[in-house]
Structure formats: structure tokens, C-alpha cells
Amino acid sequence: MTMNTHARRRPGRRAAFAAGLVLAVGLGVVTQAAAQAAVPAPAKASAKASAALRSVNGFNGDVVTQVADFYGAYIDAKDDATGPDTALSKALRAHYLTPALAKKLAAWEKKNQADGVLRAQNVPAQWTVSEGGNGLEVVVTLTYGGGESPTTTTRLVVTQEPTGHITDIRTTSVAPVKAPAKASAKAAAAVRSISGRTGDSVTQVADFYGAYVDAKDAPAGPDTALSKALRTHYLTPAFAKKLAAWEKKNQADGVLRAQNVPVQWTVSEGRNSREVAVTLTYGGGESPTVTTNLVAELEPVSGDVTDIRTTSAR
């Protein structure tokens with residue numbers, strides 16, 4: 001999974017400040033060096049080797065990030081191992097879609113007997129969200145099939161209003177914006193995109209954290225229905241109970257290890273297939289910058305989060 005991005009803030013979203021930030025060592029685990037959390041590529045590694053170490057960066061309030069949060073978590077909800085998580089998919093649609101679009105999609109789905117967000121009856125094997133023709137549009141490319149199945153691709157244009165709600169989803173044949181073939185590295189990085197794979201551990205943790213930050217930082221106030229649905233979907237029941245006890249004791253959010261929301265985050269491969277590293281950055285601008293490094297441990301079969309521990313905070 002890769003993402004090239006920088007923050008593009010929408011009007012009306014609340015900035016996260018470092019004042020009053022609560023940082024804590026997670027759930028009784030001794031603090032470790034931050035370098036142990038994620039596996040960096042060797043300094044002289046080939047481009048292919050570096051690309052193999054997957055990571056995704058998200059920015060609070062960025063258009064590409066938010067649409068990727070929605071689609072990533074929505075695909076996870078539809079592709080749950082025990083069957084579609086209707087509570088989460090409903091909460092996601094209520095949070096990200098305008099009421100008018102939700103009504104329009106429901107009519108489309110009744111007529112076409114397919115999911116209006118995905119424009120299909122099944123879930124994609126992979127997806128990419130890229131910059132569109134203007135600041136409030138992004139292009140979503142969904143790839144279905146793979147392996148022994150024929151591969152088909154659906155490309156959508158997703159339009160947002162300035163406050164971040166999605167006002168339209170339509171199919172298109174127009175390719176997403178790309179950097180010129182001979183563009184400098186800086187110019188190429190300015191063309192942002194996020195790619196995810198269904199069932200991939202880094203993708204799933206990034207989906208969880210991205211949508212969770214969106215829920216906690218909603219313009220009208222925290223979306224408790226969505227944050228609860230996300231925790232129910234991604235966390236094991238035992239860990240959810242443990243996290244609730246930590247929050248009662250520390251008076252802070254156990255997923256974020258803070259009382260407020262980060263301005264950006266990075267999710268990367270950990271030391272083994274059952275660990276994913278999460279870096280949360282708070283503050284910025286005129287506020288001091290504080291970074292918290294976490295490790296999310298995953299259940300090997302379901303991929304549910306069984307633990308979140310702090311490795312360092314500075």
C-alpha cells in the first residue's frame with residue numbers, strides 16, 4: 001500500500017491541538033524504542049525492496065484521505081469473514097454521505113440489485129483513491145477478480161462538499177490525474193493516491209484508524225455511532241473491554257492514546273505479520289508537535305485487533 005500526500009484542509013474542520021494532550025504507555029507494556037515498532041527499508045535497498053515495506057499516510061481533513069477512509073472501511077464491512085457487517089456499513093454511509101445522496105443510492109440499489117457505493121454485487125480485491133479534476137473530486141478505481149477469475153475494473157468519481165460529506169458517486173471512464181513522465185520526485189509526490197488490498201493487515205489497520213479519526217473529528221461533533229461500530233468491527237471483544245477499562249482510568253481515548261485527534265498518521269508493517277506499527281502526530285502550525293508510536297497486534301485468522309500498545313511518545 002502506498003500513499004503520496006500532503007494536507008489539503010477543508011473549511012469548517014476542527015484543528016487538533018497539543019494542549020491538554022494525554023499520552024500514556026499502553027496497557028501495562030514497558031516502553032520500547034520507536035525503531036522497534038516499524039521495519040524500515042535498508043538505507044541502500046532497491047526500489048523494489050523498499051516498495052515491499054508497505055505504509056500509508058493520512059492527513060486529517062484531506063479529501064483523498066477521507067474518501068479512502070470511507071471506501072477502505074466500507075469494503076472491510078462488506079467483506080467481513082462472518083458475513084457483511086451491516087451496522088458498520090450503515091454507520092459509514094450515515095457519516096460520509098449527504099442524506100440526499102443516501103436516498104439517491106438507495107433508489108439506485110433497489111433498481112439495480114447491487115451496492116451503490118461499490119457499483120457491484122461483490123467486493124473489490126483492491127482499490128485506489130486518487131486526486132480528481134478539482135479539489136473536491138477524487139477518482140476511485142475498484143478492481144474485481146484476480147487469480148483464476150477475470151479481472152474487471154470500475155472507475156468512479158466521488159464529489160465532496162466543502163465540509164467533507166460526499167454529494168455524488170458516479171461511474172466514469174476518465175483516468176485519474178498522473179504526474180508527467182519526466183516530473184521531478186517532488187512534482188510526482190504532489191499527485192496523491194492511496195491504494196489498498198482487501199484482507200491486507202496494513203490496509204485494515206489504516207482503514208480503522210482513518211475512519212476512527214474522521215468519526216472523532218466530525219464537524220458537528222464526535223460521531224459516537226460510527227466510532228462504536230468501528231471498535232465493534234475491528235477490535236476483539238476481550239480487547240474492547242480492556243480498552244474501556246484503560247480509558248476510564250486515564251480519561252483519554254484508548255485507540256488514539258490522547259484526549260484529542262491527530263493531524264496526521266502513518267500505518268506501516270511491523271516486525272512480523274501479526275503486528276502493524278501506527279504513528280500518530282498531534283499539533284502542528286502554532287501548536288507543539290507531539291508524536292505517539294503504537295503497535296497494533298492482530299488475531300492471525302480474523303485480523304481483528306487484539307492489543308494496542310505504546311512504544312514511545314515524544
# chains A, B, ... in the order shown; residues from 1 in each chain; ligands from 1
>>> residues_around(residues="Val157 (chain A)", least_positions_apart="5", cutoff="10 Å", atoms="only C-alpha atoms", output="list in words")
Val129, Ser130, Glu131, Gly132, Gly133, Glu137, Val138, Val139, Val140, Thr141, Asp168, Ile169, Arg170, Thr171, Thr172, Ser173, Val174, Ala175 and Pro176 of chain A
>>> select_by_dssp(residues="region 84-183 of chain A", states="alpha helix (DSSP H)", output="VMD selection string")
chain A and resid 86 to 96 99 to 112
>>> write_last_selection(atoms="N, CA, C and O atoms", output="short mmCIF file (atom, residue, chain, number, x, y, z; two decimals), in the first residue's frame")
data_model
loop_
_atom_site.label_atom_id
_atom_site.label_comp_id
_atom_site.auth_asym_id
_atom_site.auth_seq_id
_atom_site.Cartn_x
_atom_site.Cartn_y
_atom_site.Cartn_z
N THR A 86 -23.48 -5.13 8.66
CA THR A 86 -24.47 -4.12 8.24
C THR A 86 -24.48 -2.91 9.17
O THR A 86 -24.72 -1.79 8.72
N ALA A 87 -24.17 -3.12 10.45
CA ALA A 87 -24.15 -1.99 11.38
C ALA A 87 -23.05 -1.00 11.01
O ALA A 87 -23.26 0.22 11.01
N LEU A 88 -21.87 -1.52 10.66
CA LEU A 88 -20.77 -0.63 10.28
C LEU A 88 -21.01 0.03 8.94
O LEU A 88 -20.80 1.24 8.80
N SER A 89 -21.46 -0.73 7.95
CA SER A 89 -21.70 -0.12 6.64
C SER A 89 -22.77 0.96 6.72
O SER A 89 -22.66 2.03 6.09
N LYS A 90 -23.80 0.74 7.54
CA LYS A 90 -24.84 1.74 7.74
C LYS A 90 -24.28 2.99 8.42
O LYS A 90 -24.60 4.12 8.03
N ALA A 91 -23.45 2.79 9.45
CA ALA A 91 -22.85 3.93 10.17
C ALA A 91 -21.92 4.72 9.26
O ALA A 91 -21.87 5.96 9.34
N LEU A 92 -21.18 4.03 8.41
CA LEU A 92 -20.27 4.71 7.48
C LEU A 92 -21.05 5.54 6.47
O LEU A 92 -20.68 6.69 6.18
N ARG A 93 -22.10 4.98 5.93
CA ARG A 93 -22.91 5.74 4.97
C ARG A 93 -23.56 6.95 5.63
O ARG A 93 -23.61 8.04 5.03
N ALA A 94 -24.03 6.79 6.87
CA ALA A 94 -24.64 7.91 7.58
C ALA A 94 -23.64 9.02 7.84
O ALA A 94 -23.98 10.21 7.82
N HIS A 95 -22.38 8.64 8.08
CA HIS A 95 -21.35 9.64 8.40
C HIS A 95 -20.82 10.37 7.17
O HIS A 95 -20.68 11.59 7.18
N TYR A 96 -20.54 9.62 6.12
CA TYR A 96 -19.83 10.20 4.97
C TYR A 96 -20.75 10.73 3.86
O TYR A 96 -20.34 11.61 3.10
N PRO A 99 -27.58 13.16 3.22
CA PRO A 99 -28.87 12.48 3.19
C PRO A 99 -29.45 12.36 1.78
O PRO A 99 -30.06 11.34 1.43
N ALA A 100 -29.24 13.39 0.96
CA ALA A 100 -29.77 13.37 -0.40
C ALA A 100 -29.12 12.26 -1.23
O ALA A 100 -29.79 11.53 -1.97
N LEU A 101 -27.78 12.11 -1.11
CA LEU A 101 -27.10 11.06 -1.85
C LEU A 101 -27.47 9.68 -1.31
O LEU A 101 -27.64 8.73 -2.09
N ALA A 102 -27.62 9.57 0.00
CA ALA A 102 -28.02 8.28 0.59
C ALA A 102 -29.36 7.82 0.03
O ALA A 102 -29.54 6.64 -0.30
N LYS A 103 -30.28 8.75 -0.10
CA LYS A 103 -31.60 8.44 -0.66
C LYS A 103 -31.48 8.05 -2.14
O LYS A 103 -32.12 7.10 -2.60
N LYS A 104 -30.65 8.77 -2.87
CA LYS A 104 -30.43 8.50 -4.30
C LYS A 104 -29.79 7.13 -4.50
O LYS A 104 -30.19 6.36 -5.40
N LEU A 105 -28.83 6.78 -3.66
CA LEU A 105 -28.17 5.49 -3.77
C LEU A 105 -29.13 4.35 -3.44
O LEU A 105 -29.09 3.28 -4.06
N ALA A 106 -29.98 4.56 -2.45
CA ALA A 106 -30.95 3.52 -2.08
C ALA A 106 -31.89 3.21 -3.25
O ALA A 106 -32.22 2.04 -3.50
N ALA A 107 -32.30 4.24 -3.96
CA ALA A 107 -33.16 4.04 -5.13
C ALA A 107 -32.41 3.30 -6.23
O ALA A 107 -32.96 2.41 -6.90
N TRP A 108 -31.13 3.69 -6.44
CA TRP A 108 -30.30 3.02 -7.46
C TRP A 108 -30.13 1.55 -7.11
O TRP A 108 -30.21 0.68 -7.98
N GLU A 109 -29.90 1.25 -5.85
CA GLU A 109 -29.68 -0.13 -5.41
C GLU A 109 -30.93 -0.98 -5.58
O GLU A 109 -30.85 -2.15 -5.98
N LYS A 110 -32.07 -0.41 -5.30
CA LYS A 110 -33.33 -1.14 -5.46
C LYS A 110 -33.56 -1.50 -6.92
O LYS A 110 -34.01 -2.60 -7.24
N LYS A 111 -33.21 -0.57 -7.79
CA LYS A 111 -33.40 -0.79 -9.23
C LYS A 111 -32.39 -1.76 -9.81
O LYS A 111 -32.72 -2.61 -10.65
N ASN A 112 -31.12 -1.67 -9.37
CA ASN A 112 -30.03 -2.43 -9.98
C ASN A 112 -29.62 -3.67 -9.20
O ASN A 112 -28.77 -4.44 -9.68
#
>>> residues_around(residues="Ala215 (chain A)", least_positions_apart="2", cutoff="9 Å", atoms="only C-alpha atoms", output="VMD selection string")
chain A and resid 95 210 to 213 217 to 218 221 to 227
>>> atom_distance(atom1="CA of Tyr234 (chain A)", atom2="CA of Asp304 (chain A)")
5.1 Å
>>> closest_residue(among="A:Lys242, A:Arg274, A:Lys228, A:Arg192", to="Gly303 (chain A)", atoms="only C-alpha atoms")
A:Arg274
>>> residues_around(residues="Trp265 (chain A)", least_positions_apart="6", cutoff="8 Å", atoms="only C-alpha atoms", output="list of chain:residue names")
A:Asn57, A:Gly58, A:Phe59, A:Val278, A:Thr279, A:Leu280, A:Thr281
>>> select_by_dssp(residues="region 74-191 of chain A", states="strand (DSSP E)", output="ChimeraX atom specification")
/A:126-131,137-146,149-160,166-171
>>> write_last_selection(atoms="N, CA, C and O atoms", output="short mmCIF file (atom, residue, chain, number, x, y, z; two decimals), in the first residue's frame")
data_model
loop_
_atom_site.label_atom_id
_atom_site.label_comp_id
_atom_site.auth_asym_id
_atom_site.auth_seq_id
_atom_site.Cartn_x
_atom_site.Cartn_y
_atom_site.Cartn_z
N GLN A 126 -8.92 -5.07 -4.78
CA GLN A 126 -8.06 -3.95 -4.45
C GLN A 126 -8.70 -2.65 -4.92
O GLN A 126 -9.63 -2.67 -5.74
N TRP A 127 -8.20 -1.53 -4.41
CA TRP A 127 -8.80 -0.25 -4.73
C TRP A 127 -7.75 0.85 -4.64
O TRP A 127 -6.75 0.72 -3.93
N THR A 128 -7.98 1.93 -5.38
CA THR A 128 -7.09 3.09 -5.35
C THR A 128 -7.94 4.35 -5.36
O THR A 128 -8.90 4.46 -6.11
N VAL A 129 -7.59 5.30 -4.51
CA VAL A 129 -8.23 6.60 -4.47
C VAL A 129 -7.19 7.65 -4.87
O VAL A 129 -6.11 7.70 -4.28
N SER A 130 -7.51 8.45 -5.89
CA SER A 130 -6.56 9.41 -6.45
C SER A 130 -7.18 10.79 -6.59
O SER A 130 -8.41 10.93 -6.61
N GLU A 131 -6.35 11.80 -6.72
CA GLU A 131 -6.83 13.15 -6.96
C GLU A 131 -7.65 13.20 -8.25
O GLU A 131 -7.36 12.50 -9.22
N GLU A 137 -13.09 16.72 -5.82
CA GLU A 137 -13.37 15.47 -6.51
C GLU A 137 -12.18 14.53 -6.42
O GLU A 137 -11.03 14.97 -6.49
N VAL A 138 -12.45 13.26 -6.25
CA VAL A 138 -11.41 12.24 -6.33
C VAL A 138 -11.89 11.11 -7.23
O VAL A 138 -13.09 10.96 -7.46
N VAL A 139 -10.94 10.34 -7.74
CA VAL A 139 -11.25 9.20 -8.59
C VAL A 139 -10.99 7.92 -7.80
O VAL A 139 -9.91 7.75 -7.22
N VAL A 140 -11.97 7.04 -7.76
CA VAL A 140 -11.86 5.76 -7.06
C VAL A 140 -11.85 4.64 -8.10
O VAL A 140 -12.79 4.52 -8.89
N THR A 141 -10.79 3.85 -8.09
CA THR A 141 -10.67 2.73 -9.02
C THR A 141 -10.80 1.43 -8.24
O THR A 141 -10.02 1.16 -7.31
N LEU A 142 -11.80 0.63 -8.58
CA LEU A 142 -12.07 -0.64 -7.89
C LEU A 142 -11.76 -1.79 -8.83
O LEU A 142 -12.27 -1.83 -9.96
N THR A 143 -10.94 -2.73 -8.39
CA THR A 143 -10.55 -3.87 -9.22
C THR A 143 -11.14 -5.14 -8.63
O THR A 143 -10.89 -5.47 -7.47
N TYR A 144 -11.92 -5.85 -9.44
CA TYR A 144 -12.60 -7.07 -9.01
C TYR A 144 -11.94 -8.28 -9.66
O TYR A 144 -11.41 -8.19 -10.76
N GLY A 145 -12.03 -9.42 -8.99
CA GLY A 145 -11.46 -10.64 -9.54
C GLY A 145 -9.99 -10.74 -9.22
O GLY A 145 -9.48 -10.17 -8.26
N GLY A 146 -9.26 -11.49 -10.04
CA GLY A 146 -7.85 -11.77 -9.80
C GLY A 146 -7.64 -13.25 -9.58
O GLY A 146 -8.59 -14.00 -9.34
N SER A 149 -9.86 -15.78 -11.57
CA SER A 149 -11.04 -15.06 -12.04
C SER A 149 -10.62 -13.93 -12.98
O SER A 149 -9.56 -13.34 -12.82
N PRO A 150 -11.45 -13.63 -13.96
CA PRO A 150 -11.16 -12.48 -14.83
C PRO A 150 -11.14 -11.20 -14.01
O PRO A 150 -11.88 -11.06 -13.03
N THR A 151 -10.27 -10.27 -14.37
CA THR A 151 -10.17 -9.01 -13.65
C THR A 151 -11.01 -7.95 -14.35
O THR A 151 -10.91 -7.75 -15.56
N THR A 152 -11.86 -7.27 -13.59
CA THR A 152 -12.66 -6.18 -14.12
C THR A 152 -12.40 -4.93 -13.26
O THR A 152 -12.12 -5.03 -12.08
N THR A 153 -12.49 -3.77 -13.88
CA THR A 153 -12.22 -2.52 -13.18
C THR A 153 -13.39 -1.56 -13.33
O THR A 153 -13.94 -1.40 -14.42
N THR A 154 -13.79 -0.96 -12.21
CA THR A 154 -14.81 0.08 -12.21
C THR A 154 -14.16 1.37 -11.71
O THR A 154 -13.47 1.36 -10.69
N ARG A 155 -14.36 2.45 -12.45
CA ARG A 155 -13.79 3.73 -12.04
C ARG A 155 -14.93 4.70 -11.72
O ARG A 155 -15.88 4.84 -12.48
N LEU A 156 -14.82 5.33 -10.56
CA LEU A 156 -15.86 6.23 -10.07
C LEU A 156 -15.28 7.62 -9.81
O LEU A 156 -14.10 7.76 -9.50
N VAL A 157 -16.13 8.63 -9.91
CA VAL A 157 -15.78 9.98 -9.46
C VAL A 157 -16.61 10.26 -8.22
O VAL A 157 -17.84 10.12 -8.24
N VAL A 158 -15.95 10.62 -7.14
CA VAL A 158 -16.62 10.92 -5.87
C VAL A 158 -16.47 12.42 -5.60
O VAL A 158 -15.36 12.94 -5.59
N THR A 159 -17.60 13.08 -5.41
CA THR A 159 -17.61 14.53 -5.19
C THR A 159 -17.98 14.83 -3.74
O THR A 159 -18.92 14.25 -3.19
N GLN A 160 -17.22 15.75 -3.12
CA GLN A 160 -17.50 16.17 -1.75
C GLN A 160 -17.94 17.62 -1.70
O GLN A 160 -17.60 18.41 -2.57
N ILE A 166 -19.96 13.43 1.21
CA ILE A 166 -19.98 13.03 -0.20
C ILE A 166 -21.35 13.35 -0.79
O ILE A 166 -22.38 12.92 -0.26
N THR A 167 -21.35 14.10 -1.88
CA THR A 167 -22.60 14.53 -2.50
C THR A 167 -22.95 13.74 -3.76
O THR A 167 -24.09 13.76 -4.21
N ASP A 168 -21.96 13.04 -4.33
CA ASP A 168 -22.24 12.29 -5.56
C ASP A 168 -21.19 11.20 -5.76
O ASP A 168 -20.02 11.38 -5.41
N ILE A 169 -21.63 10.07 -6.31
CA ILE A 169 -20.74 8.99 -6.74
C ILE A 169 -21.22 8.59 -8.12
O ILE A 169 -22.38 8.17 -8.28
N ARG A 170 -20.38 8.71 -9.11
CA ARG A 170 -20.79 8.36 -10.47
C ARG A 170 -19.67 7.60 -11.19
O ARG A 170 -18.49 7.80 -10.90
N THR A 171 -20.06 6.73 -12.10
CA THR A 171 -19.06 6.00 -12.87
C THR A 171 -18.46 6.92 -13.93
O THR A 171 -19.10 7.86 -14.39
#
>>> closest_residue(among="A:Ala220, A:Ala277, A:Val205, A:Ala114", to="Leu235 (chain A)", atoms="only C-alpha atoms")
A:Val205
